[in-house]
Amino acid sequence: MKYNLVCGFETHIELSTENKLFCPCKVKFGSEPNSNCCPICIGAPGTLPVLNKQAVIYAIKMGLALNCKINLFSKMERKCYFYPDLAKAYQISQNDLPLCGPGFVELDSGKKIRINHIHIEEDAGKIKNESDGIYVDYNRAGVPLIEIVSEPDISSVEEAQEYIEKLQLTARYVRVSDARMQESSIRCDVNISVKPENSDKLGTRIEIKNMNSIAFIAKALKYEYERQVDVLESGKKLVQETRRFDEQKNRTEGMREKEDASDYGYFPDPDLSSICLEQKEIDEIKKNLPEMYYSRKKRYISIGVPEKTASLLIKYVNVSDFFDSAIKNCKSPEKVANLIIGQIFSFLGSETEKENFKISVLPKDLNYLVNLISDNKLNMASAKNLLSKALDNNENLKDLANKFVSESPKFDLKQVCCECVKDCPEAVKDYLSGKEKALQVIIGKVMAKTRGSADAVEAKNIIKNIIKEKK
Amino acid sequence: MASKISKDEILKLAKLSRLEFSEDETKKLLKDIGNIMKLTSKIEKYDSSEVTYDNIQSDYEKPEYDSCTHDEILSGGINKNGFFFVKKY
Amino acid sequence: MRKNKGLIRKIHDALVSKKVSCFELTSWYLREIEKSDLNAFITVTKEHALESAKKVDEKINKNQEIGLLEGVPMSLKDNFSTKNILTTCASKILENYVPIYNATVYEILKNQGCILLGKNNQDQFAMGSSNETSYFGPVKNPHDKTKVPGGSSGGSCASVAAGLAAFAMGSDTGGSIRQPAAFCGIVGMKPTYGSISRYGIIPLASSLDQAGPLTLTVEDNSIVYDCLAVHDPKDETSCKLARKKTFDSLDSSIENLKIGIPTNCFEGSDKEVYDAVENAAKFYEKFGAKITYFAFPELDFSMPVYCVLGRAETASNMARFDGIRYGYKYKGEYSDVNDLMTKTRSEALGDEVKRRILVGSYVLNSGYYDSFYKKSLVAKNLITKKFAEKFEEFDILITPTSPTTAFGFNYAGDDPLKMQLADICVVNANIAGIPAISIPCGYDSNNLPIGMQIMSKCWSEDLLLRVAYKYEKENFFAKIIGGVQFEI
């Protein structure tokens with residue numbers, strides 16, 4: 001019997017707002033413990049929360065980018081449970097009336113993974129478990145989060161990976177979060193069940209927590225799918241439970257601590273007013289949303305960038321922004337793209353560096369360089385060298401290019417080709433008798449005469465025409 | 001609507017609230033909750049879906065707060081290396 | 001200027017005319033507090049008060065102008081957060097808690113130049129109507145020390161009535177300002193919900209709590225209210241509208257008032273209370289007022305709504321007390337952090353507190369009821385609507401503040417609900433969010449004060465105080481028993 005994977009995600013994304021969700025503390029990372037705290041986020045008695053509107057706007061941006069309906073009226077609620085990292089012993093979150101209603105993420109295949117809703121909530125602090133005791137740090141307590149709850153539409157491990165990657169991309173493109181799994185600015189809990197191929201009835205749902213990378217999510221899903229199928233095939237029943245993924249052992253395990261009763265006692269927070277939005281506010285935000293990665297990819301392909309290259313360009317929003325800036329009035333966007341994913345990516349190396357894309361080269365300078373190639377002032381090989389030099393030595397690319405061009409031998413390519421054709425009668429004879437490769441000799445001579453500055457492709461065409469004419 | 005609450009429920013609620021009650025206190029609580037539930041049976045007839053909320057639009061002005069030092073923040077707990085510390089036995 | 005000045009203006013005059021220095025005045029109050037056996041104070045801030053008094057004297061000696069409240073000695077109920085000053089809510093779990101920030105109310109009064117004498121005793125976490133649930137012992141009623149002062153702002157009211165403070169601040173969730181004010185024979189007002197900032201007041205039920213002044217006269221109440229009724233951006237429930245000053249219109253005329261008397265509130269009252277309040281209401285007839293008795297059946301829902309909403313919010317508000325970031329920490333061994341929290345809370349939270357937490361938890365978590373909390377919100381909206389309708393018919397409503405005068409200790413015995421039902425007249429104003437004031441309107445045959453409660457529609461504190469002022473002008477019953485004496 002074949003079993004289908006049924007999977008849905010609850011994804012938390014930290015918003016990169018200036019301040020926390022309910023207090024004036026800055027959202028900073030890597031600080032000394034409890035140094036970004038105030039009476040409000042440590043839950044001092046008598047303090048009151050005040051909603052950070054910037055967080056609401058960020059959440060709306062994300063909702064719009066995920067095709068969600070934005071609810072004009074929503075309410076903050078208290079989710080009550082005890083844990084040392086929860087300063088007030090309740091988390092201010094949303095329940096019945098979340099900020100965003102249903103939406104979707106479209107996968108490359110065209111399949112839409114539906115989103116049930118998105119709500120905003122505050123993050124808890126961090127706990128360090130040592131042998132002598134528990135160490136609690138509330139720096140993260142109160143940081144704004146959005147929780148994106150999907151429908152169980154995901155039916156393969158690949159779809160799951162793609163879904164998370166697209167959520168990350170979306171968050172980065174609307175610039176509400178850098179959504180990095182290794183920094184916990186995006187966290188995923190997955191719900192997975194299996195069902196027989198021909199059945200409509202959903203299986204027992206198991207939740208998996210504690211997966212810190214997309215690779216681990218894939219491993220956990222693969223393992224869990226097989227485990228669940230094994231259990232069912234052996235005639236046993238699955239227990240609805242929460243499991244954690246152990247990356248050492250490469251398997252999921254039942255969690256040791258018993259989860260608290262899922263009785264969170266939700267009720268509307270009486271300290272906070274309702275969130276009331278006007279349609280024109282939302283329309284204004286929508287109007288000013290940056291162009292999404294999927295539209296950009298389409299656009300790049302339409303201007304001549306190969307699909308694989310386009311995919312790489314849109315993988316990093318800063319790269320895509322740089323590219324868009326560099327191709328203004330550019331005669332050959334494809335060349336710009338190649339230089340970026342070639343020279344510049346090699347220079348940067350790591351994923352993080354590519355994401356940050358902090359380079360000394362300016363988009364307009366890359367634009368200038370490529371236009372020089374199109375004007376035949378420079379060939380691609382030279383351009384690549386110049387670019388690498390600019391990056392390595394932190395030199396100004398435009399200056400380097402201008403210097404190179406001015407020092408290059410000025411030549412009339414047609415004239416040089418004529419001369420070289422005259423100088424190589426043997427090669428011409430070989431070419432005319434069908435040896436295409438003979439042209440290389442003549443091209444070689446042209447390159448030598450122009451000290452490598454000539455465009456080899458262009459030279460080849462000119463040489464062919466000369467030979468044809470001479471005939 | 002259930003008009004009686006069981007001792008098990010009291011224990012469950014106590015655990016949820018991180019409270020412990022003696023046998024005597026539990027008996028009292030059973031009685032208390034029973035009385036309160038009788039009193040509140042009057043509002044059982046209302047439909048919770050009819051709840052409406054004030055449409056108060058907050059201006060979201062940023063309040064000014066006095067700042068607190070790192071020491072002040074930690075002053076109420078057990079400060080170990082800047083963390084709030086809970087000993088393990 | 002009016003003839004009968006209230007206590008605050010009398011103090012102001014005495015300071016400005018240098019009849020007494022602020023330091024002397026403050027010292028008198030401090031001495032009386034020390035001598036007193038009422039147990040009205042948990043913390044006395046002696047050095048702090050004298051330091052503040054000296055600063056006021058410096059200004060006076062330089063002939064600089066001082067504000068009306070500058071140099072006036074006052075006290076705060078111990079649920080108002082005061083930076084670097086112990087704030088206990090009369091509970092063991094906060095017996096060592098020193099806030100690192102100020103409540104907005106205290107910040108404002110401090111900026112006005114008031115002298116903080118200390119923090120008043122109260123019912124533990126404001127739960128109670130007799131000041132007997134305090135971890136620091138009960139408070140005695142100055143009129144009769146075998147009787148309770150009422151609660152939960154028992155200490156604050158006793159202080160004002162016993163001349164231990166010129167005025168005090170209390171908080172009112174289900175009558176906790178007005179009922180003890182009635183028992184102690186002073187003026188206590190709960191303003192409209194959202195009127196005074198709740199930032200820094202350790203909450204009981206967030207949607208019902210409101211701070212209010214406890215004073216000897218209506219004029220004093222008006223002065224303190226006016227300076228506190230301002231918008232606070234730190235409190236999202238704080239009203240943004242500019243409020244009318246009430247002091248300037250206190251003596252304006254109140255012809256032809258339409259007075260409503262809800263008969264349900266009078267049922268169950270002691271006869272002497274009933275008669276006194278009814279007579280007090282009739283006072284307004286000489287200004288052309290018309291009194292109408294009417295039945296107000298919706299009030300039957302107030303107590304159940306109060307119990308459900310109140311306890312649910314309370315349970316959630318009390319959850320943060322686990323000893324990790326502040327407060328009492330359990331001193332014995334425990335198996336894990338959950339055990340630590342449980343032991344800390346079970347040991348250091350009072351019985352009434354634990355009881356209400358349990359009920360609140362039941363309301364929020366029981367699987368039987370679909371959003372029981374939300375049903376109460378529906379009922380609350382209904383009561384609010386009904387009050388709004390009544391205030392189209394009437395200008396004010398009058399009821400007794402409490403069905404009895406001050407009762408003896410252990411009145412409710414083992415039945416906390418009996419204690420709760422003593423609040424039957426006052427809890428309505430919290431549910432509907434409307435302003436309500438209690439003013440003394442006589443004494444019973446045991447010389448215990450009787451309080452009349454006047455309610456008006458939201459944001460009409462100016463009318464409320466004016467109506468109260470009119471009555472007080474010709475029927476002045478408040479008195480200072482012992483303590484620092486002033487002729488008022």
# chains A, B, ... in the order shown; residues from 1 in each chain; ligands from 1

call {"tool": "interface_residues", "arguments": {"of": "chain C", "to": "chain B", "cutoff": "7 Å", "atoms": "only C-alpha atoms", "output": "ChimeraX atom specification"}}
result
/C:100,233-234,301,304,324-327,335-336,341-342,345-346,355,358-359,361-362,368,371,374-379

call {"tool": "closest_atom_pairs", "arguments": {"of": "chain A", "to": "chain C", "cutoff": "10 Å", "atoms": "only C-alpha atoms", "output": "Markdown table"}}
result
| residue | atom | partner | partner_atom | distance |
| --- | --- | --- | --- | --- |
| A:Cys23 | CA | C:Lys234 | CA | 9.3 |
| A:Cys38 | CA | C:Ile100 | CA | 9.3 |
| A:Pro39 | CA | C:Ile100 | CA | 7.3 |
| A:Ile42 | CA | C:Arg325 | CA | 7.3 |
| A:Gly43 | CA | C:Arg320 | CA | 7.0 |
| A:Ala44 | CA | C:Tyr326 | CA | 7.8 |
| A:Pro45 | CA | C:Ile202 | CA | 5.5 |
| A:Gly46 | CA | C:Ile202 | CA | 4.0 |
| A:Thr47 | CA | C:Gly200 | CA | 5.4 |
| A:Leu48 | CA | C:Tyr199 | CA | 6.0 |
| A:Pro49 | CA | C:Asp235 | CA | 7.4 |
| A:Val50 | CA | C:Glu236 | CA | 6.1 |
| A:Leu51 | CA | C:Glu236 | CA | 8.4 |
| A:Arg78 | CA | C:Ser316 | CA | 8.3 |
| A:Lys79 | CA | C:Ser316 | CA | 9.3 |
| A:Cys80 | CA | C:Ser316 | CA | 6.9 |
| A:Tyr81 | CA | C:Ala319 | CA | 8.4 |
| A:Phe82 | CA | C:Ala319 | CA | 7.6 |
| A:Tyr83 | CA | C:Asn338 | CA | 7.8 |
| A:Pro84 | CA | C:Ile324 | CA | 7.5 |
| A:Asp85 | CA | C:Ile324 | CA | 9.9 |
| A:Leu86 | CA | C:Arg320 | CA | 8.6 |
| A:Ala87 | CA | C:Arg320 | CA | 6.5 |
| A:Lys88 | CA | C:Arg320 | CA | 4.6 |
| A:Ala89 | CA | C:Arg320 | CA | 5.1 |
| A:Tyr90 | CA | C:Ser316 | CA | 7.2 |
| A:Gly133 | CA | C:Val337 | CA | 9.4 |
| A:Ile134 | CA | C:Val337 | CA | 8.4 |
| A:Val136 | CA | C:Ile324 | CA | 9.1 |
| A:Ala261 | CA | C:Asn365 | CA | 9.9 |
| A:Ser262 | CA | C:Asn365 | CA | 9.5 |
| A:Asp263 | CA | C:Asn365 | CA | 5.8 |
| A:Tyr264 | CA | C:Asn365 | CA | 7.1 |
| A:Gly265 | CA | C:Leu364 | CA | 4.6 |
| A:Tyr266 | CA | C:Leu364 | CA | 7.0 |
| A:Phe267 | CA | C:Tyr373 | CA | 7.2 |
| A:Pro268 | CA | C:Lys374 | CA | 8.7 |
| A:Asp269 | CA | C:Ser206 | CA | 8.8 |
| A:Pro270 | CA | C:Ser207 | CA | 5.4 |
| A:Asp271 | CA | C:Thr237 | CA | 6.3 |
| A:Leu272 | CA | C:Glu236 | CA | 5.8 |
| A:Ser273 | CA | C:Glu236 | CA | 6.4 |

call {"tool": "select_by_dssp", "arguments": {"residues": "segment 173-300 of chain C", "states": "alpha helix (DSSP H)", "output": "JSON, numbers by chain"}}
result
{"C": [178, 179, 180, 181, 182, 183, 184, 218, 219, 220, 221, 222, 223, 224, 225, 226, 227, 228, 263, 264, 265, 266, 271, 272, 273, 274, 275, 276, 277, 278, 279, 280, 281, 282]}

call {"tool": "select_by_dssp", "arguments": {"residues": "segment 304-414 of chain C", "states": "strand (DSSP E or B)", "output": "JSON, numbers by chain"}}
result
{"C": [396, 397, 398, 399, 400, 408]}

call {"tool": "write_last_selection", "arguments": {"atoms": "all heavy atoms", "output": "CSV table (one decimal), in the first residue's frame"}}
result
chain,number,residue,atom,x,y,z
C,396,ILE,N,-28.5,61.6,37.3
C,396,ILE,CA,-27.7,60.8,38.2
C,396,ILE,C,-28.6,59.7,38.8
C,396,ILE,O,-29.8,59.7,38.8
C,396,ILE,CB,-27.2,61.7,39.4
C,396,ILE,CG1,-28.4,62.3,40.1
C,396,ILE,CG2,-26.2,62.7,38.9
C,396,ILE,CD1,-27.9,63.0,41.4
C,397,LEU,N,-27.9,58.7,39.3
C,397,LEU,CA,-28.5,57.6,40.0
C,397,LEU,C,-28.0,57.6,41.5
C,397,LEU,O,-26.8,57.9,41.7
C,397,LEU,CB,-28.2,56.2,39.4
C,397,LEU,CG,-28.6,56.0,38.0
C,397,LEU,CD1,-28.3,54.6,37.5
C,397,LEU,CD2,-30.1,56.3,37.8
C,398,ILE,N,-28.9,57.4,42.4
C,398,ILE,CA,-28.4,57.4,43.8
C,398,ILE,C,-28.7,56.0,44.4
C,398,ILE,O,-29.8,55.5,44.3
C,398,ILE,CB,-29.1,58.5,44.6
C,398,ILE,CG1,-28.6,59.9,44.1
C,398,ILE,CG2,-28.9,58.4,46.1
C,398,ILE,CD1,-29.1,61.1,44.9
C,399,THR,N,-27.8,55.5,45.2
C,399,THR,CA,-28.0,54.2,45.9
C,399,THR,C,-27.2,54.3,47.2
C,399,THR,O,-26.3,55.2,47.3
C,399,THR,CB,-27.5,53.0,45.1
C,399,THR,OG1,-26.0,52.9,45.2
C,399,THR,CG2,-27.9,53.0,43.7
C,400,PRO,N,-27.4,53.4,48.1
C,400,PRO,CA,-26.5,53.4,49.2
C,400,PRO,C,-25.2,52.8,48.7
C,400,PRO,O,-25.2,52.1,47.7
C,400,PRO,CB,-27.1,52.3,50.2
C,400,PRO,CG,-28.5,52.1,49.7
C,400,PRO,CD,-28.5,52.4,48.2
C,408,GLY,N,-18.2,43.9,61.8
C,408,GLY,CA,-17.1,43.5,62.6
C,408,GLY,C,-16.1,42.6,61.9
C,408,GLY,O,-16.4,42.2,60.7

call {"tool": "residues_around", "arguments": {"residues": "Cys100 of chain A", "least_positions_apart": "5", "cutoff": "8 Å", "atoms": "only C-alpha atoms", "output": "list in words"}}
result
Ile60, Gly63, Cys68, Lys69, Ile70, Asn71, His117, Ile118 and His119 of chain A

call {"tool": "residues_around", "arguments": {"residues": "Gly170 of chain C", "least_positions_apart": "3", "cutoff": "7 Å", "atoms": "only C-alpha atoms", "output": "PyMOL selection string"}}
result
chain C and resi 76-77+153+156+177+211-214

call {"tool": "write_last_selection", "arguments": {"atoms": "all heavy atoms", "output": "mmCIF file, in the first residue's frame"}}
result
data_model
loop_
_atom_site.group_PDB
_atom_site.id
_atom_site.type_symbol
_atom_site.label_atom_id
_atom_site.label_comp_id
_atom_site.auth_asym_id
_atom_site.auth_seq_id
_atom_site.Cartn_x
_atom_site.Cartn_y
_atom_site.Cartn_z
ATOM 1 N N LEU C 76 -0.236 56.467 49.540
ATOM 2 C CA LEU C 76 -0.695 55.666 48.410
ATOM 3 C C LEU C 76 -0.991 54.248 48.860
ATOM 4 O O LEU C 76 -0.243 53.675 49.649
ATOM 5 C CB LEU C 76 0.386 55.574 47.335
ATOM 6 C CG LEU C 76 0.861 56.836 46.654
ATOM 7 C CD1 LEU C 76 2.060 56.523 45.768
ATOM 8 C CD2 LEU C 76 -0.258 57.452 45.846
ATOM 9 N N LYS C 77 -2.055 53.692 48.323
ATOM 10 C CA LYS C 77 -2.345 52.276 48.568
ATOM 11 C C LYS C 77 -1.127 51.479 48.093
ATOM 12 O O LYS C 77 -0.459 51.871 47.122
ATOM 13 C CB LYS C 77 -3.582 51.906 47.759
ATOM 14 C CG LYS C 77 -4.138 50.514 47.958
ATOM 15 C CD LYS C 77 -5.497 50.417 47.222
ATOM 16 C CE LYS C 77 -6.078 49.021 47.346
ATOM 17 N NZ LYS C 77 -7.361 48.910 46.623
ATOM 18 N N SER C 153 -9.346 49.225 49.748
ATOM 19 C CA SER C 153 -8.487 50.365 50.107
ATOM 20 C C SER C 153 -8.699 50.787 51.556
ATOM 21 O O SER C 153 -8.845 51.975 51.870
ATOM 22 C CB SER C 153 -8.772 51.570 49.196
ATOM 23 O OG SER C 153 -8.807 51.185 47.841
ATOM 24 N N SER C 156 -5.954 53.138 53.134
ATOM 25 C CA SER C 156 -6.006 54.500 52.591
ATOM 26 C C SER C 156 -7.143 55.293 53.220
ATOM 27 O O SER C 156 -6.976 56.456 53.602
ATOM 28 C CB SER C 156 -6.195 54.446 51.071
ATOM 29 O OG SER C 156 -5.163 53.696 50.472
ATOM 30 N N ILE C 177 -12.806 51.553 46.429
ATOM 31 C CA ILE C 177 -12.588 52.919 46.930
ATOM 32 C C ILE C 177 -13.844 53.354 47.675
ATOM 33 O O ILE C 177 -13.793 53.889 48.789
ATOM 34 C CB ILE C 177 -12.315 53.909 45.766
ATOM 35 C CG1 ILE C 177 -10.888 53.732 45.248
ATOM 36 C CG2 ILE C 177 -12.543 55.344 46.200
ATOM 37 C CD1 ILE C 177 -10.590 54.561 44.006
ATOM 38 N N ALA C 211 -8.033 53.906 39.418
ATOM 39 C CA ALA C 211 -7.530 54.590 40.606
ATOM 40 C C ALA C 211 -8.458 55.756 40.924
ATOM 41 O O ALA C 211 -9.147 56.270 40.041
ATOM 42 C CB ALA C 211 -6.126 55.110 40.341
ATOM 43 N N GLY C 212 -8.463 56.174 42.185
ATOM 44 C CA GLY C 212 -9.308 57.313 42.544
ATOM 45 C C GLY C 212 -8.873 57.918 43.865
ATOM 46 O O GLY C 212 -8.228 57.255 44.680
ATOM 47 N N PRO C 213 -9.212 59.186 44.091
ATOM 48 C CA PRO C 213 -8.780 59.859 45.312
ATOM 49 C C PRO C 213 -9.697 59.561 46.493
ATOM 50 O O PRO C 213 -10.917 59.403 46.343
ATOM 51 C CB PRO C 213 -8.870 61.351 44.948
ATOM 52 C CG PRO C 213 -9.346 61.423 43.538
ATOM 53 C CD PRO C 213 -9.904 60.111 43.170
ATOM 54 N N LEU C 214 -9.083 59.511 47.677
ATOM 55 C CA LEU C 214 -9.825 59.372 48.928
ATOM 56 C C LEU C 214 -9.543 60.630 49.725
ATOM 57 O O LEU C 214 -8.391 60.942 50.023
ATOM 58 C CB LEU C 214 -9.340 58.129 49.673
ATOM 59 C CG LEU C 214 -9.805 56.863 48.965
ATOM 60 C CD1 LEU C 214 -8.906 55.696 49.255
ATOM 61 C CD2 LEU C 214 -11.239 56.550 49.342
#

call {"tool": "residues_around", "arguments": {"residues": "Val98 of chain C", "least_positions_apart": "4", "cutoff": "7 Å", "atoms": "only C-alpha atoms", "output": "JSON, numbers by chain"}}
result
{"C": [83, 84, 85, 86, 87]}

call {"tool": "closest_residue", "arguments": {"among": "A:Ile186, A:Ala438, A:Ala179, A:Cys276", "to": "chain B", "atoms": "only C-alpha atoms"}}
result
A:Cys276

call {"tool": "residues_around", "arguments": {"residues": "segment 278-286 of chain A", "least_positions_apart": "4", "cutoff": "7 Å", "atoms": "only C-alpha atoms", "output": "list in words"}}
result
Lys61, Leu64 and Leu72 of chain A

call {"tool": "residues_around", "arguments": {"residues": "segment 223-225 of chain C", "least_positions_apart": "4", "cutoff": "7 Å", "atoms": "only C-alpha atoms", "output": "list in words"}}
result
Pro213, Glu219, Ala229 and Phe247 of chain C

call {"tool": "atom_distance", "arguments": {"atom1": "atom CA of Asn329 of chain A", "atom2": "atom CA of Lys364 of chain A"}}
result
10.1 Å

call {"tool": "closest_residue", "arguments": {"among": "A:Glu469, A:Glu407, A:Glu351, A:Glu436", "to": "Ser453 of chain A", "atoms": "only C-alpha atoms"}}
result
A:Glu407

call {"tool": "decode", "arguments": {"residues": "segment 270-282 of chain A", "atoms": "N, CA, C and O atoms", "output": "short mmCIF file (atom, residue, chain, number, x, y, z; two decimals), in the first residue's frame"}}
result
data_model
loop_
_atom_site.label_atom_id
_atom_site.label_comp_id
_atom_site.auth_asym_id
_atom_site.auth_seq_id
_atom_site.Cartn_x
_atom_site.Cartn_y
_atom_site.Cartn_z
N PRO A 270 -7.17 42.61 28.01
CA PRO A 270 -7.89 43.83 28.36
C PRO A 270 -7.00 45.07 28.40
O PRO A 270 -7.50 46.19 28.48
N ASP A 271 -5.68 44.90 28.34
CA ASP A 271 -4.80 46.06 28.39
C ASP A 271 -4.59 46.71 27.03
O ASP A 271 -4.04 47.80 26.93
N LEU A 272 -4.99 46.00 25.97
CA LEU A 272 -4.69 46.48 24.63
C LEU A 272 -5.96 46.78 23.86
O LEU A 272 -6.93 46.02 23.94
N SER A 273 -5.95 47.87 23.10
CA SER A 273 -7.12 48.16 22.27
C SER A 273 -7.08 47.26 21.04
O SER A 273 -6.06 46.67 20.72
N SER A 274 -8.20 47.15 20.36
CA SER A 274 -8.26 46.34 19.15
C SER A 274 -7.41 46.98 18.08
O SER A 274 -7.18 48.19 18.09
N ILE A 275 -6.94 46.17 17.14
CA ILE A 275 -6.19 46.73 16.01
C ILE A 275 -7.20 47.06 14.93
O ILE A 275 -7.84 46.17 14.37
N CYS A 276 -7.38 48.37 14.67
CA CYS A 276 -8.34 48.80 13.66
C CYS A 276 -7.57 49.42 12.50
O CYS A 276 -6.84 50.38 12.70
N LEU A 277 -7.72 48.86 11.33
CA LEU A 277 -7.00 49.37 10.16
C LEU A 277 -7.98 49.92 9.15
O LEU A 277 -9.14 49.51 9.11
N GLU A 278 -7.50 50.85 8.33
CA GLU A 278 -8.35 51.35 7.26
C GLU A 278 -7.85 50.80 5.93
O GLU A 278 -6.64 50.64 5.74
N GLN A 279 -8.80 50.51 5.04
CA GLN A 279 -8.43 49.92 3.76
C GLN A 279 -7.41 50.78 3.03
O GLN A 279 -6.49 50.26 2.39
N LYS A 280 -7.52 52.09 3.15
CA LYS A 280 -6.58 52.93 2.38
C LYS A 280 -5.15 52.82 2.92
O LYS A 280 -4.19 52.94 2.17
N GLU A 281 -5.03 52.54 4.25
CA GLU A 281 -3.68 52.30 4.81
C GLU A 281 -3.05 51.10 4.13
O GLU A 281 -1.89 51.07 3.77
N ILE A 282 -3.88 50.03 4.06
CA ILE A 282 -3.40 48.77 3.51
C ILE A 282 -3.08 48.93 2.03
O ILE A 282 -2.06 48.43 1.55
#
